[in-house]
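Here the structure comes first, spelled out in structure tokens, and everything after it is commentary.
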There are 4 protein chains.
Amino acid sequence: MNHSLSQATTQLHTQPFSKLLNAEVAELGDDRVALRVPITEQVLQQHGFVHGGVVSYAADNALTYAGFLSLKQNVVTSEFKINYVRPAKGEALLARAYTVHAGKNQAVCRCDVFCVQDGREVLCAVAQGTIVVMLPK
Amino acid sequence: MNHSLSQATTQLHTQPFSKLLNAEVAELGDDRVALRVPITEQVLQQHGFVHGGVVSYAADNALTYAGFLSLKQNVVTSEFKINYVRPAKGEALLARAYTVHAGKNQAVCRCDVFCVQDGREVLCAVAQGTIVVMLPK
Amino acid sequence: MNHSLSQATTQLHTQPFSKLLNAEVAELGDDRVALRVPITEQVLQQHGFVHGGVVSYAADNALTYAGFLSLKQNVVTSEFKINYVRPAKGEALLARAYTVHAGKNQAVCRCDVFCVQDGREVLCAVAQGTIVVMLPK
Amino acid sequence: MNHSLSQATTQLHTQPFSKLLNAEVAELGDDRVALRVPITEQVLQQHGFVHGGVVSYAADNALTYAGFLSLKQNVVTSEFKINYVRPAKGEALLARAYTVHAGKNQAVCRCDVFCVQDGREVLCAVAQGTIVVMLPK
């Protein structure tokens with residue numbers, strides 16, 4: 001992992017939940033990011049696949065991150081939707097998010113979540129959502 | 001917790017991820033369910049609120065459960081959308097889901113996610129999704 | 001139709017598209033509204049049901065209206081999602097929308113779209129979306 | 001317009017609502033399609049922009065069409081979500097949809113809706129949805 005990814009991951013781990021899941025920033029661009037979540041026993045559901053909630057965590061967090069990269073301010077996810085297209089299994093989830101449109105106060109982003117299986121990436125979910133700037137109270 | 005809720009929670013914990021988060025089945029009806037996720041340090045993000053991914057986990061799982069209650073077969077969540085309406089904080093998340101329409105192979109369900117704060121319930125997110133019967137391969 | 005509904009419908013018809021579809025404001029509350037769209041030949045698809053685009057128009061417009069009632073400013077729909085649960089047919093669509101949560105600048109609303117069939121209401125779609133205040137340029 | 005687009009448009013016009021809006025099939029591929037909806041007075045809202053319901057019609061119909069191209073059976077849209085990113089105005093809407101994943105009975109598709117303004121395409125909405133095979137009763 002290069003220096004800036006390592007720094008970004010350290011930053012990500014200021015979120016206790018992201019640290020709990022050992023999520024990492026795997027790729028970082030101007031308006032796009034990939035988060036990697038290793039698939040371990042603790043993220044599974046009863047059939048041995050990754051829990052949908054973990055897939056949605058990865059999508060949600062990657063969407064927020066992509067929105068942050070575009071808006072360059074503190075942001076939160078306002079809403080998102082996710083379609084699961086395949087059961088998630090393998091070595092890791094890779095959630096790739098990018099900004100589709102950014103205004104002054106909000107960005108609309110999309111995310112593709114892949115499962116890394118024997119080093120190959122297989123699409124397992126797609127998401128779309130709205131990221132908004134956190135307004136001062 | 002009464003006996004059937006205790007049993008349902010034991011069943012829920014066959015999902016390692018639900019066990020990791022100490023999720024419980026708090027209410028159970030014919031076509032509705034409430035899941036309770038205690039708010040502890042590990043589920044937070046960097047601002048001290050519950051991570052959106054945990055809120056979406058609770059919504060996703062409650063939606064799936066409500067769909068299962070209506071369809072009475074093995075099910076998976078096909079898709080859902082969630083709107084976050086308030087930062088989530090307090091003692092616990094309470095995700096209440098119910099079936100809006102059930103056909104033979106799929107159910108459309110809604111979920112309201114509350115934060116329990118000093119014993120009072122405050123709405124923090126609303127979700128809507130599609131639950132489908134798992135078809136044999 | 002009473003006076004205030006008649007006025008609201010006149011207002012609605014400042015939208016040429018709502019006038020084209022002969023949409024009416026059928027019910028009006030503090031934070032809720034019902035729009036009625038008569039089912040005529042022109043709103044159908046090839047199987048004789050109401051076109052999904054007309055159902056989504058009704059949902060979209062009702063959501064926006066409910067958000068306007070709560071926010072009391074010029075608003076636009078930022079996003080919404082819709083699940084179709086039954087083929088739409090009958091005399092009219094009735095899209096009932098209400099606000100779930102309203103902040104200063106945005107409201108999250110839900111909508112249930114019914115088909116009126118022989119005077120009876122049958123649920124045909126459910127929607128959820130975000131309505132935002134139009135900011136001055 | 002070439003022959004196959006002309007035929008596809010004739011087919012599209014078996015939907016009275018698509019004919020009412022003068023929608024055309026503008027591009028056609030193996031798993032992708034573009035629908036064109038001319039912007040005329042009748043599709044506007046009160047501020048002079050295209051009504052959101054017309055944008056959602058275009059997205060819905062393009063998503064369904066893309067799903068049909070992949071599934072090669074009679075299909076319906078089960079659900080979709082749309083984010084409006086800019087007010088829609090210009091000569092025409094162009095809704096480009098494509099399949100992200102197709103199984104045996106359902107496809108997940110995305111759609112980008114552009115406004116054609118002085119011949120230039122400007123993104124005005126993005127959508128994502130599920131298209132399902134119509135099962136025999």
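Following the order of the structure tokens, first chain is A, next is B, and so on, with residues numbered from 1 inside each chain and ligands from 1 in the order they appear.
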Counting only C-alpha atoms, which residues of chain D sit at most 12 Å from some atom of chain A, and what is each one's closest atom pair with its distance in Å to one decimal, listed by chain and rising residue number, as JSON lines?
{"residue": "D:Glu79", "atom": "CA", "partner": "A:Asn83", "partner_atom": "CA", "distance": 10.4}
{"residue": "D:Phe80", "atom": "CA", "partner": "A:Lys81", "partner_atom": "CA", "distance": 9.3}
{"residue": "D:Lys81", "atom": "CA", "partner": "A:Lys81", "partner_atom": "CA", "distance": 7.5}
{"residue": "D:Ile82", "atom": "CA", "partner": "A:Gln128", "partner_atom": "CA", "distance": 8.9}
{"residue": "D:Asn83", "atom": "CA", "partner": "A:Val108", "partner_atom": "CA", "distance": 7.4}
{"residue": "D:Tyr84", "atom": "CA", "partner": "A:Val108", "partner_atom": "CA", "distance": 9.0}
{"residue": "D:Val85", "atom": "CA", "partner": "A:His101", "partner_atom": "CA", "distance": 6.7}
{"residue": "D:Arg86", "atom": "CA", "partner": "A:His101", "partner_atom": "CA", "distance": 9.1}
{"residue": "D:Thr99", "atom": "CA", "partner": "A:Val126", "partner_atom": "CA", "distance": 11.5}
{"residue": "D:Val100", "atom": "CA", "partner": "A:Val126", "partner_atom": "CA", "distance": 8.3}
{"residue": "D:His101", "atom": "CA", "partner": "A:Val85", "partner_atom": "CA", "distance": 6.7}
{"residue": "D:Ala102", "atom": "CA", "partner": "A:Val85", "partner_atom": "CA", "distance": 8.4}
{"residue": "D:Gly103", "atom": "CA", "partner": "A:Val85", "partner_atom": "CA", "distance": 8.4}
{"residue": "D:Lys104", "atom": "CA", "partner": "A:Val85", "partner_atom": "CA", "distance": 11.8}
{"residue": "D:Asn105", "atom": "CA", "partner": "A:Val85", "partner_atom": "CA", "distance": 11.9}
{"residue": "D:Gln106", "atom": "CA", "partner": "A:Val85", "partner_atom": "CA", "distance": 9.6}
{"residue": "D:Ala107", "atom": "CA", "partner": "A:Val85", "partner_atom": "CA", "distance": 8.6}
{"residue": "D:Val108", "atom": "CA", "partner": "A:Asn83", "partner_atom": "CA", "distance": 7.4}
{"residue": "D:Cys109", "atom": "CA", "partner": "A:Val126", "partner_atom": "CA", "distance": 9.6}
{"residue": "D:Arg110", "atom": "CA", "partner": "A:Val126", "partner_atom": "CA", "distance": 9.4}
{"residue": "D:Cys111", "atom": "CA", "partner": "A:Gln128", "partner_atom": "CA", "distance": 11.4}
{"residue": "D:Asp112", "atom": "CA", "partner": "A:Val100", "partner_atom": "CA", "distance": 9.8}
{"residue": "D:Val113", "atom": "CA", "partner": "A:Val100", "partner_atom": "CA", "distance": 11.9}
{"residue": "D:Val122", "atom": "CA", "partner": "A:His101", "partner_atom": "CA", "distance": 10.9}
{"residue": "D:Leu123", "atom": "CA", "partner": "A:His101", "partner_atom": "CA", "distance": 8.3}
{"residue": "D:Cys124", "atom": "CA", "partner": "A:His101", "partner_atom": "CA", "distance": 9.2}
{"residue": "D:Ala125", "atom": "CA", "partner": "A:His101", "partner_atom": "CA", "distance": 9.3}
{"residue": "D:Val126", "atom": "CA", "partner": "A:Val100", "partner_atom": "CA", "distance": 8.3}
{"residue": "D:Ala127", "atom": "CA", "partner": "A:Gln128", "partner_atom": "CA", "distance": 8.1}
{"residue": "D:Gln128", "atom": "CA", "partner": "A:Gln128", "partner_atom": "CA", "distance": 7.5}
{"residue": "D:Gly129", "atom": "CA", "partner": "A:Asn83", "partner_atom": "CA", "distance": 7.9}
{"residue": "D:Thr130", "atom": "CA", "partner": "A:Asn83", "partner_atom": "CA", "distance": 8.0}
{"residue": "D:Ile131", "atom": "CA", "partner": "A:Asn83", "partner_atom": "CA", "distance": 11.6}
Residues just named, written with N, CA and C atoms as an mmCIF file, in the first residue's frame:
data_model
loop_
_atom_site.group_PDB
_atom_site.id
_atom_site.type_symbol
_atom_site.label_atom_id
_atom_site.label_comp_id
_atom_site.auth_asym_id
_atom_site.auth_seq_id
_atom_site.Cartn_x
_atom_site.Cartn_y
_atom_site.Cartn_z
ATOM 1 N N GLU D 79 -38.962 -2.147 -9.983
ATOM 2 C CA GLU D 79 -38.674 -0.963 -9.156
ATOM 3 C C GLU D 79 -37.549 -0.198 -9.790
ATOM 4 N N PHE D 80 -37.482 1.088 -9.475
ATOM 5 C CA PHE D 80 -36.311 1.868 -9.851
ATOM 6 C C PHE D 80 -36.192 3.079 -8.945
ATOM 7 N N LYS D 81 -35.003 3.681 -8.971
ATOM 8 C CA LYS D 81 -34.787 4.932 -8.244
ATOM 9 C C LYS D 81 -34.126 5.895 -9.204
ATOM 10 N N ILE D 82 -34.430 7.167 -8.998
ATOM 11 C CA ILE D 82 -33.904 8.187 -9.886
ATOM 12 C C ILE D 82 -33.421 9.378 -9.075
ATOM 13 N N ASN D 83 -32.262 9.905 -9.446
ATOM 14 C CA ASN D 83 -31.755 11.163 -8.890
ATOM 15 C C ASN D 83 -31.775 12.209 -9.995
ATOM 16 N N TYR D 84 -32.432 13.308 -9.747
ATOM 17 C CA TYR D 84 -32.431 14.420 -10.690
ATOM 18 C C TYR D 84 -31.215 15.287 -10.372
ATOM 19 N N VAL D 85 -30.368 15.544 -11.349
ATOM 20 C CA VAL D 85 -29.167 16.309 -11.030
ATOM 21 C C VAL D 85 -29.164 17.723 -11.617
ATOM 22 N N ARG D 86 -29.985 17.982 -12.617
ATOM 23 C CA ARG D 86 -30.114 19.333 -13.183
ATOM 24 C C ARG D 86 -31.532 19.515 -13.711
ATOM 25 N N THR D 99 -27.755 -2.701 -19.354
ATOM 26 C CA THR D 99 -27.844 -3.746 -18.346
ATOM 27 C C THR D 99 -26.522 -3.872 -17.597
ATOM 28 N N VAL D 100 -26.613 -3.908 -16.281
ATOM 29 C CA VAL D 100 -25.432 -4.064 -15.430
ATOM 30 C C VAL D 100 -25.226 -5.544 -15.103
ATOM 31 N N HIS D 101 -26.330 -6.245 -14.892
ATOM 32 C CA HIS D 101 -26.275 -7.671 -14.597
ATOM 33 C C HIS D 101 -27.599 -8.310 -14.995
ATOM 34 N N ALA D 102 -27.541 -9.424 -15.709
ATOM 35 C CA ALA D 102 -28.768 -10.140 -16.057
ATOM 36 C C ALA D 102 -28.679 -11.575 -15.599
ATOM 37 N N GLY D 103 -29.688 -12.016 -14.863
ATOM 38 C CA GLY D 103 -29.817 -13.417 -14.493
ATOM 39 C C GLY D 103 -30.830 -14.066 -15.415
ATOM 40 N N LYS D 104 -31.470 -15.131 -14.952
ATOM 41 C CA LYS D 104 -32.460 -15.822 -15.785
ATOM 42 C C LYS D 104 -33.782 -15.060 -15.788
ATOM 43 N N ASN D 105 -34.158 -14.554 -14.618
ATOM 44 C CA ASN D 105 -35.484 -13.952 -14.466
ATOM 45 C C ASN D 105 -35.483 -12.459 -14.206
ATOM 46 N N GLN D 106 -34.304 -11.903 -13.970
ATOM 47 C CA GLN D 106 -34.300 -10.464 -13.734
ATOM 48 C C GLN D 106 -32.983 -9.832 -14.175
ATOM 49 N N ALA D 107 -33.070 -8.550 -14.466
ATOM 50 C CA ALA D 107 -31.884 -7.784 -14.854
ATOM 51 C C ALA D 107 -31.846 -6.518 -14.015
ATOM 52 N N VAL D 108 -30.632 -6.115 -13.662
ATOM 53 C CA VAL D 108 -30.441 -4.824 -13.001
ATOM 54 C C VAL D 108 -29.824 -3.885 -14.036
ATOM 55 N N CYS D 109 -30.475 -2.749 -14.216
ATOM 56 C CA CYS D 109 -30.070 -1.825 -15.279
ATOM 57 C C CYS D 109 -29.852 -0.430 -14.708
ATOM 58 N N ARG D 110 -29.032 0.332 -15.417
ATOM 59 C CA ARG D 110 -28.832 1.724 -15.072
ATOM 60 C C ARG D 110 -29.228 2.591 -16.253
ATOM 61 N N CYS D 111 -29.546 3.833 -15.975
ATOM 62 C CA CYS D 111 -29.940 4.760 -17.029
ATOM 63 C C CYS D 111 -29.372 6.148 -16.734
ATOM 64 N N ASP D 112 -28.836 6.777 -17.758
ATOM 65 C CA ASP D 112 -28.429 8.181 -17.677
ATOM 66 C C ASP D 112 -29.353 8.975 -18.582
ATOM 67 N N VAL D 113 -29.985 10.002 -18.025
ATOM 68 C CA VAL D 113 -30.880 10.820 -18.844
ATOM 69 C C VAL D 113 -30.183 12.149 -19.143
ATOM 70 N N VAL D 122 -26.375 17.129 -22.009
ATOM 71 C CA VAL D 122 -26.082 17.512 -20.625
ATOM 72 C C VAL D 122 -26.818 16.538 -19.706
ATOM 73 N N LEU D 123 -26.093 15.930 -18.771
ATOM 74 C CA LEU D 123 -26.708 14.966 -17.869
ATOM 75 C C LEU D 123 -27.745 15.650 -16.984
ATOM 76 N N CYS D 124 -28.963 15.090 -16.916
ATOM 77 C CA CYS D 124 -29.954 15.696 -16.020
ATOM 78 C C CYS D 124 -30.509 14.718 -14.982
ATOM 79 N N ALA D 125 -30.313 13.435 -15.159
ATOM 80 C CA ALA D 125 -30.793 12.478 -14.146
ATOM 81 C C ALA D 125 -30.088 11.143 -14.318
ATOM 82 N N VAL D 126 -29.984 10.404 -13.210
ATOM 83 C CA VAL D 126 -29.443 9.039 -13.268
ATOM 84 C C VAL D 126 -30.381 8.112 -12.513
ATOM 85 N N ALA D 127 -30.540 6.914 -13.057
ATOM 86 C CA ALA D 127 -31.507 5.970 -12.478
ATOM 87 C C ALA D 127 -30.915 4.572 -12.419
ATOM 88 N N GLN D 128 -31.505 3.756 -11.598
ATOM 89 C CA GLN D 128 -31.076 2.357 -11.448
ATOM 90 C C GLN D 128 -32.296 1.540 -11.048
ATOM 91 N N GLY D 129 -32.478 0.369 -11.676
ATOM 92 C CA GLY D 129 -33.681 -0.397 -11.335
ATOM 93 C C GLY D 129 -33.607 -1.864 -11.693
ATOM 94 N N THR D 130 -34.662 -2.560 -11.316
ATOM 95 C CA THR D 130 -34.769 -3.999 -11.525
ATOM 96 C C THR D 130 -35.875 -4.306 -12.526
ATOM 97 N N ILE D 131 -35.535 -5.083 -13.544
ATOM 98 C CA ILE D 131 -36.495 -5.486 -14.568
ATOM 99 C C ILE D 131 -36.718 -6.990 -14.410
#
Which of region 20-63 of chain D fall in strand (DSSP E or B), as JSON, numbers by chain: {"D": [24, 25, 26, 27, 28, 32, 33, 34, 35, 36, 37, 38, 44, 50]}
With all heavy atoms retained, export the selected residues as an mmCIF file, in the first residue's frame.
data_model
loop_
_atom_site.group_PDB
_atom_site.id
_atom_site.type_symbol
_atom_site.label_atom_id
_atom_site.label_comp_id
_atom_site.auth_asym_id
_atom_site.auth_seq_id
_atom_site.Cartn_x
_atom_site.Cartn_y
_atom_site.Cartn_z
ATOM 1 N N GLU D 24 -39.185 8.173 -29.129
ATOM 2 C CA GLU D 24 -38.584 7.395 -30.217
ATOM 3 C C GLU D 24 -37.442 6.536 -29.685
ATOM 4 O O GLU D 24 -36.770 6.926 -28.732
ATOM 5 C CB GLU D 24 -37.946 8.320 -31.255
ATOM 6 C CG GLU D 24 -38.886 9.135 -32.081
ATOM 7 C CD GLU D 24 -38.101 10.097 -32.983
ATOM 8 O OE1 GLU D 24 -36.841 10.136 -32.877
ATOM 9 O OE2 GLU D 24 -38.746 10.797 -33.764
ATOM 10 N N VAL D 25 -37.198 5.432 -30.342
ATOM 11 C CA VAL D 25 -35.994 4.657 -30.055
ATOM 12 C C VAL D 25 -34.869 5.276 -30.891
ATOM 13 O O VAL D 25 -34.895 5.219 -32.121
ATOM 14 C CB VAL D 25 -36.180 3.169 -30.404
ATOM 15 C CG1 VAL D 25 -34.906 2.390 -30.066
ATOM 16 C CG2 VAL D 25 -37.383 2.591 -29.651
ATOM 17 N N ALA D 26 -33.896 5.882 -30.225
ATOM 18 C CA ALA D 26 -32.866 6.651 -30.936
ATOM 19 C C ALA D 26 -31.590 5.848 -31.166
ATOM 20 O O ALA D 26 -30.838 6.120 -32.103
ATOM 21 C CB ALA D 26 -32.529 7.919 -30.147
ATOM 22 N N GLU D 27 -31.326 4.900 -30.289
ATOM 23 C CA GLU D 27 -30.147 4.033 -30.420
ATOM 24 C C GLU D 27 -30.532 2.666 -29.897
ATOM 25 O O GLU D 27 -31.329 2.562 -28.965
ATOM 26 C CB GLU D 27 -28.963 4.576 -29.596
ATOM 27 C CG GLU D 27 -28.544 5.986 -29.960
ATOM 28 C CD GLU D 27 -27.606 6.617 -28.920
ATOM 29 O OE1 GLU D 27 -27.167 5.903 -27.990
ATOM 30 O OE2 GLU D 27 -27.345 7.827 -29.028
ATOM 31 N N LEU D 28 -29.938 1.623 -30.469
ATOM 32 C CA LEU D 28 -30.333 0.271 -30.074
ATOM 33 C C LEU D 28 -29.126 -0.657 -30.171
ATOM 34 O O LEU D 28 -28.492 -0.747 -31.219
ATOM 35 C CB LEU D 28 -31.452 -0.213 -31.017
ATOM 36 C CG LEU D 28 -32.285 -1.429 -30.648
ATOM 37 C CD1 LEU D 28 -32.888 -1.322 -29.266
ATOM 38 C CD2 LEU D 28 -33.388 -1.619 -31.681
ATOM 39 N N ARG D 32 -28.360 -2.415 -24.653
ATOM 40 C CA ARG D 32 -28.518 -0.992 -24.350
ATOM 41 C C ARG D 32 -29.420 -0.321 -25.365
ATOM 42 O O ARG D 32 -29.572 -0.788 -26.485
ATOM 43 C CB ARG D 32 -27.174 -0.298 -24.283
ATOM 44 C CG ARG D 32 -26.320 -0.384 -25.533
ATOM 45 C CD ARG D 32 -24.933 0.156 -25.192
ATOM 46 N NE ARG D 32 -24.346 -0.560 -24.086
ATOM 47 C CZ ARG D 32 -23.791 0.033 -22.996
ATOM 48 N NH1 ARG D 32 -23.738 1.345 -22.906
ATOM 49 N NH2 ARG D 32 -23.289 -0.693 -22.026
ATOM 50 N N VAL D 33 -30.010 0.783 -24.943
ATOM 51 C CA VAL D 33 -30.974 1.475 -25.780
ATOM 52 C C VAL D 33 -30.975 2.947 -25.377
ATOM 53 O O VAL D 33 -30.632 3.282 -24.237
ATOM 54 C CB VAL D 33 -32.385 0.869 -25.571
ATOM 55 C CG1 VAL D 33 -32.907 1.148 -24.174
ATOM 56 C CG2 VAL D 33 -33.380 1.365 -26.616
ATOM 57 N N ALA D 34 -31.311 3.814 -26.319
ATOM 58 C CA ALA D 34 -31.563 5.213 -25.972
ATOM 59 C C ALA D 34 -32.945 5.591 -26.472
ATOM 60 O O ALA D 34 -33.288 5.336 -27.636
ATOM 61 C CB ALA D 34 -30.510 6.121 -26.584
ATOM 62 N N LEU D 35 -33.747 6.143 -25.583
ATOM 63 C CA LEU D 35 -35.057 6.677 -25.959
ATOM 64 C C LEU D 35 -34.950 8.199 -26.025
ATOM 65 O O LEU D 35 -34.317 8.826 -25.176
ATOM 66 C CB LEU D 35 -36.121 6.289 -24.940
ATOM 67 C CG LEU D 35 -36.396 4.805 -24.777
ATOM 68 C CD1 LEU D 35 -37.582 4.606 -23.829
ATOM 69 C CD2 LEU D 35 -36.684 4.136 -26.119
ATOM 70 N N ARG D 36 -35.595 8.772 -27.019
ATOM 71 C CA ARG D 36 -35.588 10.222 -27.202
ATOM 72 C C ARG D 36 -37.004 10.736 -27.033
ATOM 73 O O ARG D 36 -37.942 10.226 -27.645
ATOM 74 C CB ARG D 36 -35.078 10.536 -28.616
ATOM 75 C CG ARG D 36 -34.821 12.014 -28.873
ATOM 76 C CD ARG D 36 -34.357 12.227 -30.320
ATOM 77 N NE ARG D 36 -34.076 13.644 -30.564
ATOM 78 C CZ ARG D 36 -35.021 14.546 -30.805
ATOM 79 N NH1 ARG D 36 -36.294 14.210 -30.870
ATOM 80 N NH2 ARG D 36 -34.686 15.821 -30.993
ATOM 81 N N VAL D 37 -37.170 11.719 -26.174
ATOM 82 C CA VAL D 37 -38.474 12.341 -25.954
ATOM 83 C C VAL D 37 -38.346 13.825 -26.295
ATOM 84 O O VAL D 37 -37.607 14.551 -25.612
ATOM 85 C CB VAL D 37 -38.940 12.188 -24.490
ATOM 86 C CG1 VAL D 37 -40.334 12.792 -24.295
ATOM 87 C CG2 VAL D 37 -38.929 10.726 -24.056
ATOM 88 N N PRO D 38 -39.015 14.273 -27.349
ATOM 89 C CA PRO D 38 -38.905 15.685 -27.700
ATOM 90 C C PRO D 38 -39.490 16.567 -26.595
ATOM 91 O O PRO D 38 -40.496 16.217 -25.977
ATOM 92 C CB PRO D 38 -39.714 15.808 -28.992
ATOM 93 C CG PRO D 38 -40.561 14.596 -29.064
ATOM 94 C CD PRO D 38 -39.901 13.527 -28.242
ATOM 95 N N LEU D 44 -43.884 20.150 -19.870
ATOM 96 C CA LEU D 44 -43.233 21.043 -18.901
ATOM 97 C C LEU D 44 -43.967 21.096 -17.562
ATOM 98 O O LEU D 44 -45.124 20.703 -17.447
ATOM 99 C CB LEU D 44 -43.144 22.460 -19.486
ATOM 100 C CG LEU D 44 -42.409 22.596 -20.828
ATOM 101 C CD1 LEU D 44 -42.341 24.058 -21.244
ATOM 102 C CD2 LEU D 44 -41.031 21.969 -20.794
ATOM 103 N N VAL D 50 -38.693 20.562 -17.934
ATOM 104 C CA VAL D 50 -39.421 19.314 -18.175
ATOM 105 C C VAL D 50 -39.908 18.757 -16.838
ATOM 106 O O VAL D 50 -39.152 18.736 -15.853
ATOM 107 C CB VAL D 50 -38.515 18.275 -18.873
ATOM 108 C CG1 VAL D 50 -39.282 16.965 -19.092
ATOM 109 C CG2 VAL D 50 -38.017 18.820 -20.211
#
Atomic distance CA of Ala23 (chain B) - CA of Thr10 (chain B), expressed in Å with one decimal: 10.1 Å
Write out as a compact mmCIF listing (two decimals) with N, CA, C and O atoms, in the first residue's frame all residues of region 45-111 of chain B that backbone DSSP assigns to alpha helix (DSSP H).
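Okay, result14.txt is ready:
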# COMPACT_ATOMS: atom_id res chain seq x y z
N GLY B 52 -23.46 4.95 9.31
CA GLY B 52 -24.56 4.70 8.38
C GLY B 52 -24.64 3.25 7.94
O GLY B 52 -25.73 2.72 7.72
N GLY B 53 -23.51 2.61 7.86
CA GLY B 53 -23.49 1.21 7.46
C GLY B 53 -24.17 0.31 8.47
O GLY B 53 -24.71 -0.74 8.11
N VAL B 54 -24.16 0.70 9.74
CA VAL B 54 -24.82 -0.08 10.78
C VAL B 54 -26.33 0.16 10.72
O VAL B 54 -27.13 -0.76 10.87
N VAL B 55 -26.69 1.41 10.45
CA VAL B 55 -28.11 1.73 10.28
C VAL B 55 -28.65 0.96 9.07
O VAL B 55 -29.74 0.37 9.13
N SER B 56 -27.87 0.93 7.98
CA SER B 56 -28.34 0.22 6.79
C SER B 56 -28.34 -1.30 7.02
O SER B 56 -29.21 -2.00 6.51
N TYR B 57 -27.39 -1.80 7.80
CA TYR B 57 -27.44 -3.23 8.19
C TYR B 57 -28.76 -3.53 8.90
O TYR B 57 -29.43 -4.52 8.59
N ALA B 58 -29.11 -2.68 9.87
CA ALA B 58 -30.33 -2.92 10.66
C ALA B 58 -31.57 -2.89 9.76
O ALA B 58 -32.46 -3.74 9.87
N ALA B 59 -31.60 -1.91 8.85
CA ALA B 59 -32.74 -1.80 7.94
C ALA B 59 -32.81 -3.01 7.02
O ALA B 59 -33.86 -3.63 6.84
N ASP B 60 -31.68 -3.35 6.41
CA ASP B 60 -31.61 -4.47 5.48
C ASP B 60 -32.08 -5.75 6.16
O ASP B 60 -32.95 -6.49 5.64
N ASN B 61 -31.56 -6.02 7.33
CA ASN B 61 -31.89 -7.27 8.02
C ASN B 61 -33.35 -7.30 8.45
O ASN B 61 -34.02 -8.34 8.35
N ALA B 62 -33.86 -6.18 8.91
CA ALA B 62 -35.27 -6.14 9.32
C ALA B 62 -36.19 -6.31 8.11
O ALA B 62 -37.21 -7.01 8.18
N LEU B 63 -35.82 -5.67 6.99
CA LEU B 63 -36.61 -5.83 5.75
C LEU B 63 -36.64 -7.30 5.34
O LEU B 63 -37.70 -7.84 4.99
N THR B 64 -35.49 -7.95 5.35
CA THR B 64 -35.41 -9.36 4.96
C THR B 64 -36.28 -10.20 5.88
O THR B 64 -37.01 -11.10 5.42
N TYR B 65 -36.22 -9.90 7.14
CA TYR B 65 -36.98 -10.68 8.14
C TYR B 65 -38.48 -10.51 7.92
O TYR B 65 -39.25 -11.49 7.93
N ALA B 66 -38.90 -9.28 7.69
CA ALA B 66 -40.33 -9.03 7.44
C ALA B 66 -40.79 -9.77 6.18
O ALA B 66 -41.87 -10.38 6.15
N GLY B 67 -39.95 -9.75 5.15
CA GLY B 67 -40.28 -10.48 3.92
C GLY B 67 -40.38 -11.97 4.16
O GLY B 67 -41.29 -12.64 3.65
N PHE B 68 -39.46 -12.49 4.96
CA PHE B 68 -39.49 -13.91 5.32
C PHE B 68 -40.79 -14.27 6.05
O PHE B 68 -41.41 -15.31 5.78
N LEU B 69 -41.22 -13.41 6.96
CA LEU B 69 -42.45 -13.68 7.72
C LEU B 69 -43.66 -13.77 6.78
O LEU B 69 -44.57 -14.57 6.99
N SER B 70 -43.64 -12.97 5.73
CA SER B 70 -44.76 -12.98 4.78
C SER B 70 -44.65 -14.10 3.76
O SER B 70 -45.66 -14.69 3.37
N LEU B 71 -43.44 -14.40 3.31
CA LEU B 71 -43.27 -15.36 2.22
C LEU B 71 -43.07 -16.78 2.74
O LEU B 71 -43.30 -17.75 2.01
CA of Phe49 (chain C) to CA of Ala95 (chain D), straight-line distance in Å: 22.4 Å
Selected residue, from B:Val132, B:Leu20, B:Val116, B:Leu5, that lies nearest to Ala88 (chain B) when counting only C-alpha atoms: B:Val116
